[in-house]
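Next comes final_6.pdb, with PDB, N, CA and C atoms, pLDDT in the B column.
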ATOM      1  N   MET A1182     205.045  74.031  50.624  1.00 54.00           N
ATOM      2  CA  MET A1182     206.475  74.119  50.411  1.00 54.00           C
ATOM      3  C   MET A1182     206.782  75.354  49.575  1.00 54.00           C
ATOM      4  N   LEU A1183     207.819  76.039  49.957  1.00 56.00           N
ATOM      5  CA  LEU A1183     208.201  77.253  49.261  1.00 56.00           C
ATOM      6  C   LEU A1183     208.904  76.931  47.956  1.00 56.00           C
ATOM      7  N   LEU A1184     208.632  77.735  46.953  1.00 59.00           N
ATOM      8  CA  LEU A1184     209.250  77.529  45.653  1.00 59.00           C
ATOM      9  C   LEU A1184     210.690  78.016  45.623  1.00 59.00           C
ATOM     10  N   ASN A1185     210.996  79.084  46.340  1.00 62.00           N
ATOM     11  CA  ASN A1185     212.320  79.683  46.308  1.00 62.00           C
ATOM     12  C   ASN A1185     212.796  79.897  47.741  1.00 62.00           C
ATOM     13  N   THR A1186     213.654  79.037  48.194  1.00 73.00           N
ATOM     14  CA  THR A1186     214.121  79.169  49.574  1.00 73.00           C
ATOM     15  C   THR A1186     215.535  79.727  49.641  1.00 73.00           C
ATOM     16  N   LYS A1187     216.024  80.319  48.545  1.00 84.00           N
ATOM     17  CA  LYS A1187     217.348  80.937  48.583  1.00 84.00           C
ATOM     18  C   LYS A1187     217.322  82.275  49.312  1.00 84.00           C
ATOM     19  N   LEU A1188     216.144  82.839  49.497  1.00 93.00           N
ATOM     20  CA  LEU A1188     216.006  84.113  50.203  1.00 93.00           C
ATOM     21  C   LEU A1188     215.834  83.821  51.686  1.00 93.00           C
ATOM     22  N   ARG A1189     216.938  83.868  52.401  1.00 94.00           N
ATOM     23  CA  ARG A1189     216.937  83.488  53.818  1.00 94.00           C
ATOM     24  C   ARG A1189     217.607  84.553  54.665  1.00 94.00           C
ATOM     25  N   ALA A1190     217.163  84.662  55.890  1.00 94.00           N
ATOM     26  CA  ALA A1190     217.771  85.579  56.849  1.00 94.00           C
ATOM     27  C   ALA A1190     217.809  84.890  58.201  1.00 94.00           C
ATOM     28  N   GLU A1191     218.990  84.830  58.813  1.00 94.00           N
ATOM     29  CA  GLU A1191     219.125  84.289  60.163  1.00 94.00           C
ATOM     30  C   GLU A1191     219.195  85.449  61.136  1.00 94.00           C
ATOM     31  N   ILE A1192     218.372  85.395  62.171  1.00 95.00           N
ATOM     32  CA  ILE A1192     218.373  86.460  63.168  1.00 95.00           C
ATOM     33  C   ILE A1192     218.232  85.870  64.559  1.00 95.00           C
ATOM     34  N   ILE A1193     218.675  86.636  65.532  1.00 95.00           N
ATOM     35  CA  ILE A1193     218.520  86.278  66.937  1.00 95.00           C
ATOM     36  C   ILE A1193     217.291  87.011  67.457  1.00 95.00           C
ATOM     37  N   ILE A1194     216.417  86.267  68.128  1.00 94.00           N
ATOM     38  CA  ILE A1194     215.181  86.833  68.659  1.00 94.00           C
ATOM     39  C   ILE A1194     215.122  86.548  70.152  1.00 94.00           C
ATOM     40  N   ASP A1195     214.918  87.580  70.942  1.00 93.00           N
ATOM     41  CA  ASP A1195     214.794  87.421  72.394  1.00 93.00           C
ATOM     42  C   ASP A1195     213.521  86.673  72.750  1.00 93.00           C
ATOM     43  N   TYR A1196     213.541  86.072  73.918  1.00 93.00           N
ATOM     44  CA  TYR A1196     212.383  85.333  74.413  1.00 93.00           C
ATOM     45  C   TYR A1196     211.160  86.260  74.429  1.00 93.00           C
ATOM     46  N   GLY A1197     210.053  85.786  73.877  1.00 92.00           N
ATOM     47  CA  GLY A1197     208.801  86.543  73.859  1.00 92.00           C
ATOM     48  C   GLY A1197     208.642  87.484  72.682  1.00 92.00           C
ATOM     49  N   LYS A1198     209.627  87.589  71.814  1.00 93.00           N
ATOM     50  CA  LYS A1198     209.570  88.528  70.687  1.00 93.00           C
ATOM     51  C   LYS A1198     209.211  87.866  69.359  1.00 93.00           C
ATOM     52  N   LEU A1199     209.073  86.544  69.341  1.00 94.00           N
ATOM     53  CA  LEU A1199     208.756  85.858  68.087  1.00 94.00           C
ATOM     54  C   LEU A1199     207.327  86.143  67.628  1.00 94.00           C
ATOM     55  N   ARG A1200     206.377  86.121  68.534  1.00 94.00           N
ATOM     56  CA  ARG A1200     204.972  86.334  68.163  1.00 94.00           C
ATOM     57  C   ARG A1200     204.744  87.700  67.488  1.00 94.00           C
ATOM     58  N   PRO A1201     205.274  88.804  68.028  1.00 94.00           N
ATOM     59  CA  PRO A1201     205.095  90.084  67.325  1.00 94.00           C
ATOM     60  C   PRO A1201     205.741  90.081  65.939  1.00 94.00           C
ATOM     61  N   MET A1202     206.865  89.397  65.788  1.00 93.00           N
ATOM     62  CA  MET A1202     207.517  89.329  64.493  1.00 93.00           C
ATOM     63  C   MET A1202     206.660  88.557  63.488  1.00 93.00           C
ATOM     64  N   ILE A1203     206.057  87.473  63.923  1.00 96.00           N
ATOM     65  CA  ILE A1203     205.171  86.701  63.050  1.00 96.00           C
ATOM     66  C   ILE A1203     203.967  87.548  62.645  1.00 96.00           C
ATOM     67  N   GLY A1204     203.447  88.341  63.573  1.00 96.00           N
ATOM     68  CA  GLY A1204     202.345  89.253  63.249  1.00 96.00           C
ATOM     69  C   GLY A1204     202.730  90.238  62.163  1.00 96.00           C
ATOM     70  N   TRP A1205     203.947  90.787  62.252  1.00 96.00           N
ATOM     71  CA  TRP A1205     204.419  91.713  61.227  1.00 96.00           C
ATOM     72  C   TRP A1205     204.491  91.015  59.878  1.00 96.00           C
ATOM     73  N   LEU A1206     205.029  89.799  59.849  1.00 96.00           N
ATOM     74  CA  LEU A1206     205.141  89.044  58.600  1.00 96.00           C
ATOM     75  C   LEU A1206     203.766  88.766  57.997  1.00 96.00           C
ATOM     76  N   GLU A1207     202.806  88.395  58.825  1.00 96.00           N
ATOM     77  CA  GLU A1207     201.455  88.111  58.331  1.00 96.00           C
ATOM     78  C   GLU A1207     200.803  89.356  57.723  1.00 96.00           C
ATOM     79  N   ARG A1208     201.073  90.513  58.305  1.00 96.00           N
ATOM     80  CA  ARG A1208     200.475  91.751  57.807  1.00 96.00           C
ATOM     81  C   ARG A1208     201.174  92.304  56.568  1.00 96.00           C
ATOM     82  N   ASN A1209     202.460  92.053  56.410  1.00 96.00           N
ATOM     83  CA  ASN A1209     203.240  92.745  55.395  1.00 96.00           C
ATOM     84  C   ASN A1209     203.725  91.910  54.220  1.00 96.00           C
ATOM     85  N   CYS A1210     203.765  90.617  54.347  1.00 95.00           N
ATOM     86  CA  CYS A1210     204.282  89.789  53.246  1.00 95.00           C
ATOM     87  C   CYS A1210     203.187  89.462  52.244  1.00 95.00           C
ATOM     88  N   ILE A1211     203.556  89.491  50.960  1.00 94.00           N
ATOM     89  CA  ILE A1211     202.590  89.168  49.915  1.00 94.00           C
ATOM     90  C   ILE A1211     202.733  87.724  49.434  1.00 94.00           C
ATOM     91  N   GLY A1212     203.924  87.159  49.608  1.00 91.00           N
ATOM     92  CA  GLY A1212     204.184  85.794  49.163  1.00 91.00           C
ATOM     93  C   GLY A1212     204.287  84.832  50.341  1.00 91.00           C
ATOM     94  N   GLU A1213     204.654  83.614  50.017  1.00 92.00           N
ATOM     95  CA  GLU A1213     204.848  82.601  51.047  1.00 92.00           C
ATOM     96  C   GLU A1213     206.112  82.905  51.838  1.00 92.00           C
ATOM     97  N   TRP A1214     206.087  82.580  53.106  1.00 94.00           N
ATOM     98  CA  TRP A1214     207.240  82.727  53.971  1.00 94.00           C
ATOM     99  C   TRP A1214     207.145  81.666  55.055  1.00 94.00           C
ATOM    100  N   GLY A1215     208.222  81.464  55.758  1.00 94.00           N
ATOM    101  CA  GLY A1215     208.231  80.517  56.856  1.00 94.00           C
ATOM    102  C   GLY A1215     209.479  80.725  57.696  1.00 94.00           C
ATOM    103  N   TYR A1216     209.601  79.941  58.740  1.00 95.00           N
ATOM    104  CA  TYR A1216     210.794  80.047  59.578  1.00 95.00           C
ATOM    105  C   TYR A1216     211.099  78.699  60.222  1.00 95.00           C
ATOM    106  N   THR A1217     212.337  78.580  60.629  1.00 95.00           N
ATOM    107  CA  THR A1217     212.811  77.397  61.335  1.00 95.00           C
ATOM    108  C   THR A1217     213.551  77.870  62.572  1.00 95.00           C
ATOM    109  N   CYS A1218     213.298  77.225  63.684  1.00 95.00           N
ATOM    110  CA  CYS A1218     214.029  77.527  64.908  1.00 95.00           C
ATOM    111  C   CYS A1218     215.323  76.715  64.901  1.00 95.00           C
ATOM    112  N   LEU A1219     216.449  77.419  64.891  1.00 96.00           N
ATOM    113  CA  LEU A1219     217.748  76.754  64.910  1.00 96.00           C
ATOM    114  C   LEU A1219     218.212  76.509  66.337  1.00 96.00           C
ATOM    115  N   VAL A1220     218.000  77.502  67.204  1.00 96.00           N
ATOM    116  CA  VAL A1220     218.328  77.404  68.626  1.00 96.00           C
ATOM    117  C   VAL A1220     217.195  78.080  69.387  1.00 96.00           C
ATOM    118  N   PRO A1221     216.464  77.340  70.231  1.00 94.00           N
ATOM    119  CA  PRO A1221     215.334  77.943  70.952  1.00 94.00           C
ATOM    120  C   PRO A1221     215.775  79.069  71.892  1.00 94.00           C
ATOM    121  N   ALA A1222     214.915  80.064  72.042  1.00 92.00           N
ATOM    122  CA  ALA A1222     215.182  81.160  72.969  1.00 92.00           C
ATOM    123  C   ALA A1222     214.986  80.681  74.389  1.00 92.00           C
ATOM    124  N   GLY A1223     215.843  81.126  75.230  1.00 89.00           N
ATOM    125  CA  GLY A1223     215.759  80.857  76.658  1.00 89.00           C
ATOM    126  C   GLY A1223     216.199  82.126  77.362  1.00 89.00           C
ATOM    127  N   ARG A1224     217.158  81.991  78.257  1.00 89.00           N
ATOM    128  CA  ARG A1224     217.707  83.172  78.919  1.00 89.00           C
ATOM    129  C   ARG A1224     218.391  84.078  77.885  1.00 89.00           C
ATOM    130  N   ASP A1225     219.035  83.435  76.911  1.00 92.00           N
ATOM    131  CA  ASP A1225     219.610  84.159  75.779  1.00 92.00           C
ATOM    132  C   ASP A1225     218.628  84.083  74.613  1.00 92.00           C
ATOM    133  N   GLY A1226     218.804  84.954  73.649  1.00 93.00           N
ATOM    134  CA  GLY A1226     217.936  84.935  72.475  1.00 93.00           C
ATOM    135  C   GLY A1226     218.122  83.663  71.658  1.00 93.00           C
ATOM    136  N   GLY A1227     217.107  83.295  70.918  1.00 95.00           N
ATOM    137  CA  GLY A1227     217.170  82.127  70.053  1.00 95.00           C
ATOM    138  C   GLY A1227     217.570  82.522  68.641  1.00 95.00           C
ATOM    139  N   MET A1228     218.058  81.548  67.900  1.00 97.00           N
ATOM    140  CA  MET A1228     218.450  81.786  66.508  1.00 97.00           C
ATOM    141  C   MET A1228     217.375  81.198  65.606  1.00 97.00           C
ATOM    142  N   TYR A1229     216.876  82.026  64.698  1.00 96.00           N
ATOM    143  CA  TYR A1229     215.812  81.618  63.784  1.00 96.00           C
ATOM    144  C   TYR A1229     216.234  81.922  62.359  1.00 96.00           C
ATOM    145  N   GLU A1230     215.810  81.064  61.449  1.00 95.00           N
ATOM    146  CA  GLU A1230     216.048  81.294  60.032  1.00 95.00           C
ATOM    147  C   GLU A1230     214.693  81.523  59.366  1.00 95.00           C
ATOM    148  N   PHE A1231     214.552  82.691  58.754  1.00 96.00           N
ATOM    149  CA  PHE A1231     213.337  83.033  58.026  1.00 96.00           C
ATOM    150  C   PHE A1231     213.622  82.902  56.542  1.00 96.00           C
ATOM    151  N   TYR A1232     212.646  82.392  55.802  1.00 94.00           N
ATOM    152  CA  TYR A1232     212.818  82.240  54.363  1.00 94.00           C
ATOM    153  C   TYR A1232     211.587  82.765  53.650  1.00 94.00           C
ATOM    154  N   PHE A1233     211.827  83.277  52.442  1.00 95.00           N
ATOM    155  CA  PHE A1233     210.807  84.007  51.712  1.00 95.00           C
ATOM    156  C   PHE A1233     210.777  83.581  50.260  1.00 95.00           C
ATOM    157  N   GLU A1234     209.602  83.641  49.676  1.00 92.00           N
ATOM    158  CA  GLU A1234     209.418  83.347  48.260  1.00 92.00           C
ATOM    159  C   GLU A1234     209.614  84.598  47.411  1.00 92.00           C
ATOM    160  N   GLU A1235     209.248  85.746  47.930  1.00 92.00           N
ATOM    161  CA  GLU A1235     209.288  87.004  47.166  1.00 92.00           C
ATOM    162  C   GLU A1235     210.478  87.870  47.587  1.00 92.00           C
ATOM    163  N   ASP A1236     211.183  88.418  46.596  1.00 93.00           N
ATOM    164  CA  ASP A1236     212.288  89.348  46.870  1.00 93.00           C
ATOM    165  C   ASP A1236     211.810  90.535  47.703  1.00 93.00           C
ATOM    166  N   ARG A1237     210.624  91.047  47.369  1.00 95.00           N
ATOM    167  CA  ARG A1237     210.068  92.205  48.074  1.00 95.00           C
ATOM    168  C   ARG A1237     209.909  91.927  49.561  1.00 95.00           C
ATOM    169  N   ASP A1238     209.398  90.756  49.911  1.00 96.00           N
ATOM    170  CA  ASP A1238     209.190  90.402  51.315  1.00 96.00           C
ATOM    171  C   ASP A1238     210.517  90.258  52.050  1.00 96.00           C
ATOM    172  N   TYR A1239     211.469  89.615  51.391  1.00 95.00           N
ATOM    173  CA  TYR A1239     212.796  89.435  51.995  1.00 95.00           C
ATOM    174  C   TYR A1239     213.444  90.793  52.266  1.00 95.00           C
ATOM    175  N   THR A1240     213.420  91.676  51.271  1.00 95.00           N
ATOM    176  CA  THR A1240     214.023  92.986  51.417  1.00 95.00           C
ATOM    177  C   THR A1240     213.359  93.789  52.521  1.00 95.00           C
ATOM    178  N   ALA A1241     212.039  93.804  52.562  1.00 95.00           N
ATOM    179  CA  ALA A1241     211.313  94.537  53.606  1.00 95.00           C
ATOM    180  C   ALA A1241     211.658  93.992  54.988  1.00 95.00           C
ATOM    181  N   PHE A1242     211.733  92.679  55.123  1.00 96.00           N
ATOM    182  CA  PHE A1242     212.050  92.061  56.405  1.00 96.00           C
ATOM    183  C   PHE A1242     213.452  92.430  56.867  1.00 96.00           C
ATOM    184  N   VAL A1243     214.414  92.335  55.974  1.00 94.00           N
ATOM    185  CA  VAL A1243     215.805  92.653  56.341  1.00 94.00           C
ATOM    186  C   VAL A1243     215.934  94.126  56.727  1.00 94.00           C
ATOM    187  N   LEU A1244     215.293  95.019  55.968  1.00 94.00           N
ATOM    188  CA  LEU A1244     215.352  96.445  56.306  1.00 94.00           C
ATOM    189  C   LEU A1244     214.646  96.724  57.632  1.00 94.00           C
ATOM    190  N   TRP A1245     213.525  96.065  57.890  1.00 91.00           N
ATOM    191  CA  TRP A1245     212.774  96.271  59.128  1.00 91.00           C
ATOM    192  C   TRP A1245     213.581  95.817  60.335  1.00 91.00           C
ATOM    193  N   LYS A1246     214.333  94.742  60.198  1.00 84.00           N
ATOM    194  CA  LYS A1246     215.072  94.185  61.330  1.00 84.00           C
ATOM    195  C   LYS A1246     216.394  94.884  61.595  1.00 84.00           C
ATOM    196  N   GLN A1247     216.837  95.798  60.719  1.00 79.00           N
ATOM    197  CA  GLN A1247     218.110  96.488  60.947  1.00 79.00           C
ATOM    198  C   GLN A1247     217.991  97.519  62.020  1.00 79.00           C
TER
END
Mind turning the file's structure into structure tokens?
Amino acid sequence: MLLNTKLRAEIIIDYGKLRPMIGWLERNCIGEWGYTCLVPAGRDGGMYEFYFEEDRDYTAFVLWKQ
């Protein structure tokens, strides 16, 4: 369980793009992180909420996704 879940980002991810994003998170995050699928991807992109324990990880993720 994450200690600080106030650091959250909701993003839309196209079908097949979640796995590369998880790979980026595994390589670049120093703290705990996780995600929840709010709306599964299908023909349209899915909505996912990512949450982070470290400010640094949250900031890097948000800047990377812009």
Open item on the list: Please enumerate the residues selected by the PyMOL selection byres ((chain A and resi 1195) around 7) when evaluated against the supplied file, formatted as a list in words.
Closed with: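 Checked against the file, the PyMOL selection byres ((chain A and resi 1195) around 7) matches Ile1193, Ile1194, Tyr1196, Gly1197, Lys1198, Leu1199, Ala1222, Gly1223, Asp1225, Gly1226 and Gly1227 of chain A.
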- [ ] Provide the atom N of A:Ile1203 to atom C of A:Thr1240 distance in Å, to one decimal place.
- [x] 14.9 Å
- [ ] Enumerate the residues of stretch 1186-1236 of chain A with a DSSP assignment of alpha helix (DSSP H), computed from the backbone, and present them as a list in words.
- [x]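 Answer for stretch 1186-1236 of chain A restricted to alpha helix (DSSP H) is Leu1199, Arg1200, Pro1201, Met1202, Ile1203, Gly1204, Trp1205, Leu1206, Glu1207, Arg1208, Asn1209 and Asp1236 of chain A.
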TODO: Step one, run DSSP on the backbone; step two, keep only residues of chain A assigned to strand (DSSP E or B); then write them as an NGL selection string.
DONE: :A and (1188-1194 or 1214-1220 or 1227-1233)
TODO: Find the distance between atom CA of A:Glu1230 and atom CA of A:Leu1188 and write it in Å to one decimal.
DONE: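 Going from atom CA of A:Glu1230 over to atom CA of A:Leu1188, I get 10.2 Å.
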Task: Coordinates-based distance that separates atom C of A:Trp1245 from atom C of A:Trp1214 (Å, one decimal) - done: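 Atom C of A:Trp1214 sits 16.4 Å away from atom C of A:Trp1245.
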Task: Output of the PyMOL selection byres ((chain A and resi 1232-1236) around 6.5), listed as a list in words - done: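 When the PyMOL selection byres ((chain A and resi 1232-1236) around 6.5) is applied, the selected residues are Leu1183, Leu1184, Asn1185, Thr1186, Lys1187, Leu1188, Arg1189, Ala1190, Gly1212, Glu1213, Trp1214, Gly1215, Tyr1216, Thr1217, Glu1230, Phe1231, Arg1237, Asp1238, Tyr1239, Thr1240 and Ala1241 of chain A.
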